[in-house]
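**Student:** Contents of work-v3.txt (compact mmCIF, C-alpha atoms):
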# COMPACT_ATOMS: atom_id res chain seq x y z
CA MET A 7 106.85 66.31 137.30
CA PRO A 8 103.81 66.91 135.08
CA ARG A 9 100.66 64.94 135.65
CA ASP A 10 99.94 62.06 133.28
CA ASP A 11 96.17 62.18 133.85
CA ILE A 12 95.75 65.33 131.78
CA SER A 13 93.35 63.42 129.52
CA THR A 14 90.61 63.13 132.19
CA VAL A 15 87.18 63.52 130.56
CA ASP A 16 84.98 66.47 131.49
CA VAL A 17 81.53 64.84 131.48
CA SER A 18 79.75 68.20 131.40
CA THR A 19 81.27 69.18 128.05
CA GLY A 20 82.24 65.79 126.64
CA THR A 21 85.78 67.03 126.11
CA VAL A 22 89.17 65.94 127.30
CA HIS A 23 92.20 68.06 128.14
CA VAL A 24 94.94 67.09 125.66
CA TRP A 25 97.35 69.99 125.17
CA ASP A 26 98.99 71.51 128.23
CA VAL A 27 99.67 75.23 128.63
CA PHE A 28 103.31 74.98 127.58
CA VAL A 29 102.52 73.13 124.33
CA ARG A 30 99.91 75.73 123.40
CA LEU A 31 102.11 78.71 124.22
CA PHE A 32 105.02 77.09 122.39
CA HIS A 33 102.95 76.41 119.29
CA TRP A 34 101.67 79.95 118.81
CA SER A 35 104.87 81.65 119.99
CA LEU A 36 106.97 79.63 117.55
CA ALA A 37 104.59 80.46 114.71
CA ALA A 38 104.76 84.17 115.55
CA ALA A 39 108.56 84.19 115.93
CA PHE A 40 109.07 82.29 112.67
CA PHE A 41 106.90 84.63 110.61
CA ILE A 42 108.42 87.73 112.21
CA ALA A 43 111.90 86.46 111.35
CA TYR A 44 110.84 85.41 107.84
CA PHE A 45 109.44 88.80 106.87
CA THR A 46 111.98 91.10 108.58
CA GLU A 47 115.39 89.93 107.34
CA ASP A 48 116.33 92.99 105.31
CA GLU A 49 113.90 95.60 106.60
CA ALA A 50 114.53 95.19 110.33
CA MET A 51 117.63 93.10 111.00
CA ALA A 52 117.58 93.58 114.78
CA LEU A 53 114.01 92.27 114.96
CA HIS A 54 114.94 89.41 112.62
CA VAL A 55 117.85 88.40 114.83
CA TRP A 56 115.87 88.52 118.08
CA ALA A 57 113.02 86.58 116.51
CA GLY A 58 115.60 83.98 115.48
CA TYR A 59 116.91 83.80 119.04
CA ALA A 60 113.32 83.31 120.20
CA VAL A 61 112.87 80.42 117.76
CA GLY A 62 116.04 78.76 119.06
CA GLY A 63 115.10 79.23 122.70
CA LEU A 64 111.57 77.94 122.18
CA ILE A 65 112.78 74.82 120.41
CA ALA A 66 115.32 74.12 123.16
CA LEU A 67 112.54 74.29 125.73
CA ARG A 68 110.28 72.10 123.59
CA ILE A 69 112.95 69.44 123.31
CA VAL A 70 113.22 69.29 127.09
CA TRP A 71 109.43 69.21 127.42
CA GLY A 72 109.33 66.40 124.87
CA PHE A 73 110.95 64.16 127.47
CA ILE A 74 109.47 65.40 130.76
CA GLY A 75 106.17 66.96 129.69
CA THR A 76 102.61 65.71 129.90
CA LYS A 77 101.52 62.55 128.09
CA HIS A 78 100.62 63.95 124.65
CA ALA A 79 103.52 66.43 124.74
CA ARG A 80 106.16 63.72 124.97
CA PHE A 81 107.97 62.65 121.83
CA SER A 82 107.30 59.01 122.70
CA ASP A 83 103.56 59.66 122.22
CA PHE A 84 103.93 60.65 118.55
CA LEU A 85 107.13 59.00 117.40
CA PHE A 86 105.96 57.89 113.95
CA GLY A 87 108.08 57.23 110.90
CA PRO A 88 107.55 58.47 107.33
CA PHE A 89 105.78 55.29 106.20
CA ALA A 90 103.23 55.50 109.02
CA ALA A 91 102.73 59.19 108.20
CA TRP A 92 102.20 58.40 104.52
CA ARG A 93 99.69 55.62 105.27
CA TYR A 94 97.77 57.97 107.54
CA LEU A 95 97.74 60.72 104.89
CA ARG A 96 96.35 58.34 102.28
CA SER A 97 93.57 57.25 104.59
CA LEU A 98 92.91 60.85 105.62
CA ILE A 99 92.48 61.96 102.02
CA ALA A 100 89.97 59.12 101.63
CA PHE A 101 88.26 60.25 104.88
CA ARG A 102 88.94 56.86 106.47
CA ALA A 103 91.75 57.87 108.85
CA LYS A 104 91.65 56.77 112.47
CA ARG A 105 91.21 59.67 114.88
CA HIS A 106 94.07 60.23 117.33
CA LEU A 107 93.61 62.07 120.60
CA GLY A 108 97.15 63.42 120.45
CA HIS A 109 99.20 63.94 117.30
CA SER A 110 98.33 61.73 114.34
CA PRO A 111 101.18 59.89 112.56
CA ALA A 112 101.34 62.62 109.92
CA GLY A 113 101.04 65.38 112.51
CA GLY A 114 103.73 63.84 114.69
CA PHE A 115 106.11 63.38 111.78
CA MET A 116 105.52 66.99 110.76
CA VAL A 117 106.39 68.15 114.28
CA PHE A 118 109.81 66.52 114.01
CA LEU A 119 110.36 67.95 110.52
CA LEU A 120 109.49 71.45 111.68
CA LEU A 121 111.65 71.22 114.78
CA ALA A 122 114.63 69.96 112.76
CA GLY A 123 114.07 72.56 110.06
CA CYS A 124 113.84 75.45 112.51
CA LEU A 125 116.95 74.26 114.34
CA ALA A 126 118.85 74.18 111.05
CA ILE A 127 117.63 77.70 110.24
CA VAL A 128 118.81 78.99 113.62
CA ALA A 129 122.19 77.26 113.27
CA THR A 130 122.89 78.64 109.80
CA GLY A 131 121.65 82.05 110.89
CA LEU A 132 124.05 82.11 113.82
CA ILE A 133 126.95 81.12 111.55
CA THR A 134 126.02 83.81 109.03
CA TYR A 135 125.68 86.43 111.75
CA GLY A 136 128.97 85.34 113.32
CA ALA A 137 130.78 85.57 109.98
CA ASP A 138 129.57 89.17 109.74
CA GLY A 139 131.11 89.90 113.14
CA HIS A 140 128.00 89.72 115.29
CA GLY A 141 126.25 87.42 117.74
CA PRO A 142 127.52 84.62 119.99
CA LEU A 143 129.70 83.14 117.21
CA LYS A 144 131.52 86.40 116.59
CA GLY A 145 135.22 85.63 116.41
CA TYR A 146 134.62 81.91 115.96
CA VAL A 147 133.56 81.99 112.31
CA ARG A 148 135.90 83.27 109.60
CA GLN A 149 134.29 85.14 106.74
CA ASP A 150 137.08 84.09 104.35
CA ALA A 151 137.09 80.39 105.32
CA ALA A 152 137.39 77.92 102.45
CA ILE A 153 133.76 77.00 101.81
CA PRO A 154 132.57 75.30 98.60
CA SER A 155 130.49 77.63 96.46
CA ILE A 156 126.80 77.06 95.99
CA ALA A 157 127.58 76.33 92.34
CA MET A 158 129.28 73.10 93.37
CA ILE A 159 126.14 71.97 95.17
CA ALA A 160 123.33 73.37 93.04
CA PRO A 161 124.52 74.86 89.71
CA ALA A 162 120.99 75.84 88.67
CA LEU A 163 120.49 77.85 91.83
CA ALA A 164 123.87 79.50 91.37
CA ASP A 165 123.08 80.51 87.79
CA GLU A 166 119.76 82.01 88.85
CA ASP A 167 121.45 83.87 91.71
CA MET A 168 124.13 85.31 89.41
CA HIS A 169 121.51 86.39 86.88
CA GLU A 170 119.56 88.20 89.56
CA LYS A 171 122.68 90.00 90.79
CA GLU A 172 123.56 91.07 87.24
CA LYS A 173 120.08 92.56 86.81
CA GLN A 174 120.53 94.49 90.05
CA GLY A 175 124.01 95.65 89.12
CA GLY A 176 125.52 93.79 92.03
CA HIS A 177 128.54 91.55 92.29
CA ASP A 178 129.19 88.00 93.34
CA GLU A 179 130.09 87.24 96.92
CA SER A 180 131.90 84.34 98.49
CA GLY A 181 132.99 83.11 101.85
CA THR A 182 131.44 81.57 104.91
CA GLY A 183 128.83 84.23 105.54
CA HIS A 184 127.48 84.27 102.00
CA PHE A 185 127.44 80.48 101.70
CA PHE A 186 125.52 79.94 104.94
CA LYS A 187 123.21 82.84 104.20
CA GLU A 188 122.12 81.07 101.04
CA ILE A 189 121.54 77.85 102.98
CA HIS A 190 119.74 79.82 105.70
CA GLU A 191 117.34 81.41 103.22
CA THR A 192 116.72 78.14 101.39
CA LEU A 193 115.90 76.37 104.65
CA ALA A 194 113.53 79.19 105.65
CA ASN A 195 111.65 78.77 102.38
CA LEU A 196 111.47 75.00 102.81
CA VAL A 197 110.14 75.36 106.36
CA LEU A 198 107.55 77.85 105.11
CA ILE A 199 106.36 75.17 102.68
CA LEU A 200 106.17 72.69 105.56
CA VAL A 201 104.13 75.20 107.57
CA LEU A 202 101.67 75.60 104.71
CA LEU A 203 101.41 71.81 104.36
CA HIS A 204 100.87 71.59 108.12
CA ILE A 205 98.02 74.11 107.94
CA GLY A 206 96.48 72.20 105.04
CA GLY A 207 96.74 68.94 106.98
CA VAL A 208 95.09 70.49 110.04
CA LEU A 209 92.20 71.77 107.92
CA LEU A 210 91.75 68.40 106.22
CA ALA A 211 91.88 66.49 109.51
CA SER A 212 89.44 68.93 111.10
CA LEU A 213 87.01 68.28 108.26
CA ALA A 214 87.51 64.51 108.30
CA HIS A 215 87.13 64.16 112.08
CA HIS A 216 84.49 66.88 112.52
CA GLU A 217 86.42 68.92 115.06
CA ASN A 218 88.27 72.23 115.10
CA LEU A 219 91.91 71.23 115.68
CA ALA A 220 93.15 74.81 115.59
CA ARG A 221 90.75 75.75 118.38
CA SER A 222 91.91 72.77 120.44
CA MET A 223 95.43 74.23 120.32
CA ILE A 224 93.96 77.34 121.95
CA THR A 225 91.70 75.74 124.56
CA GLY A 226 93.77 72.60 125.05
CA ARG A 227 90.63 70.47 124.82
CA LYS A 228 89.30 68.00 122.25
CA ARG A 229 86.14 65.96 122.21
CA SER A 230 86.53 62.73 124.14
CA SER A 231 85.35 60.42 121.36
Go through the file and emit its structure as structure tokens.

**Tutor:**
Amino acid sequence: MPRDDISTVDVSTGTVHVWDVFVRLFHWSLAAAFFIAYFTEDEAMALHVWAGYAVGGLIALRIVWGFIGTKHARFSDFLFGPFAAWRYLRSLIAFRAKRHLGHSPAGGFMVFLLLAGCLAIVATGLITYGADGHGPLKGYVRQDAAIPSIAMIAPALADEDMHEKEKQGGHDESGTGHFFKEIHETLANLVLILVLLHIGGVLLASLAHHENLARSMITGRKRSS
């Protein structure tokens, strides 16, 4: 079992060890895998697929570590709801936010959003890939299954999609693969927005608390007070 005294203060540097090796490797590996997958869908499908598998595997490991990991890696240490996150954000913008050694309420809530979003991306990607006759769901997903069209869910998006296809001289598609591909791409774009918000939040918190939070995710250490 991991040690719980990871936060022991180093008196020589005035820092405390907060993020364990797994959390740091997970953080940067997930970021790399996500961006590789995001920018290689059409140009390098094999790389896109393997990056997606990496995302899924990393999140599975992180979920396990969220229950058995070191103190600040456990979900119980940053289980904050949306209202707590919003209150923290308001105080952070006003530069009056309380400093947290581990994840702040907004940071913790963002972790759960990103994990859920990435899991949904992986799931819809696997279904799409399976409908095309590939991957672990090959043979389990029917391409011609009765799936409601995107027009029934978001008519505006459907109209825009049809207009784009007409400009390109393409044709409309239907079926399981096409439906989940649209959901997959939409989720990827939403998660990208969350990532950008996360980066903005880290920069703002670093400024407000006078510490480099990005560097702490490399060294694992933060100032003790």

**Student:** Which distance in Å separates atom CA of Thr130 of chain A and atom CA of His190 of chain A, to one decimal?

**Tutor:**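 Interatomic distance, atom CA of Thr130 of chain A to atom CA of His190 of chain A: 5.3 Å.
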
**Student:** Smallest atom-to-atom distance to Ala126 of chain A: which of A:Thr192, A:Ser97, A:Ser82, A:Thr182, using all atoms listed in the file?

**Tutor:** A:Thr192

**Student:** My list of candidates is A:Gly62, A:Gly139, A:Gly131, A:Gly123. Which is closest to Val201 of chain A when distances are computed with only C-alpha atoms?

**Tutor:**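 Once distances to Val201 of chain A are computed over only C-alpha atoms, the minimum belongs to A:Gly123.
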
**Student:** Identify, on the basis of all atoms listed in the file, every residue whose closest approach to His78 of chain A does not exceed 8 Å; exclude the query and any residue fewer than 4 positions from it along the same chain; express the result as a tab-separated table (two decimals) with C-alpha atoms, in the frame of the given file.

**Tutor:**
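Output file part24.tsv is given in full below:
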chain	number	residue	atom	x	y	z
A	24	VAL	CA	94.94	67.09	125.66
A	25	TRP	CA	97.35	69.99	125.17
A	83	ASP	CA	103.56	59.66	122.22
A	84	PHE	CA	103.93	60.65	118.55
A	108	GLY	CA	97.15	63.42	120.45
A	109	HIS	CA	99.20	63.94	117.30

**Student:** Mind giving me the straight-line distance from atom CA of Phe40 of chain A to atom CA of Leu121 of chain A in Å, one decimal?

**Tutor:** 11.6 Å

**Student:** What's the 12 Å shell around His215 of chain A, counting all atoms listed in the file, without same-chain residues fewer than 2 positions away, as an MDAnalysis selection string?

**Tutor:** chainID A and resid 98:107 110 207:213 217:219 228:229 231

**Student:** Please identify all polymer residues within 10 Å of Ala52 of chain A, counting only C-alpha atoms, omitting same-chain residues fewer than 6 positions from it, and present them as a PyMOL selection string.

**Tutor:** chain A and resi 43+46+58

**Student:** Of the candidates A:Leu203, A:His23, A:Phe41, A:Gly72, which one gets nearest to Ser222 of chain A if we count only C-alpha atoms?

**Tutor:**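 The closest residue to Ser222 of chain A is A:His23.
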
**Student:** What is the distance, in Å and to one decimal place, between atom CA of Gly226 of chain A and atom CA of Tyr94 of chain A?

**Tutor:**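 Distance reported for this atom pair: 23.2 Å.
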
**Student:** Between A:Gly183, A:Leu64, A:Phe45, A:Glu188, which has the minimum distance to Ala137 of chain A (counting only C-alpha atoms)?

**Tutor:**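 Between A:Gly183, A:Leu64, A:Phe45, A:Glu188, the residue approaching Ala137 of chain A most closely is A:Gly183.
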
**Student:** For Ala214 of chain A, which of A:Leu95, A:Ile74, A:Ile189, A:Val117 is the closest residue, counting all atoms listed in the file?

**Tutor:**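 For Ala214 of chain A, the nearest of the candidates is A:Leu95.
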
**Student:** With a distance cut-off of 10 Å and only C-alpha atoms, select the neighbouring residues of Tyr146 of chain A, excluding the residue or stretch itself and same-chain residues fewer than 3 positions from it, and output the selection as a ChimeraX atom specification.

**Tutor:** /A:133,136-137,139,142-143,149

**Student:** If the box runs along x, y and z of the file and leaves 3 Å on each side of segment 36-43 of chain A, what are its centre and edge lengths in Å, one decimal, as AutoDock Vina command-line options?

**Tutor:**
--center_x 108.2 --center_y 83.7 --center_z 114.1 --size_x 13.3 --size_y 14.1 --size_z 12.9

**Student:** So, counting only C-alpha atoms, which residue among A:Glu47, A:Val22, A:Val27, A:Val147 is closest to Gly181 of chain A?

**Tutor:**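 Looking at the shortest contact to Gly181 of chain A, the residue is A:Val147.
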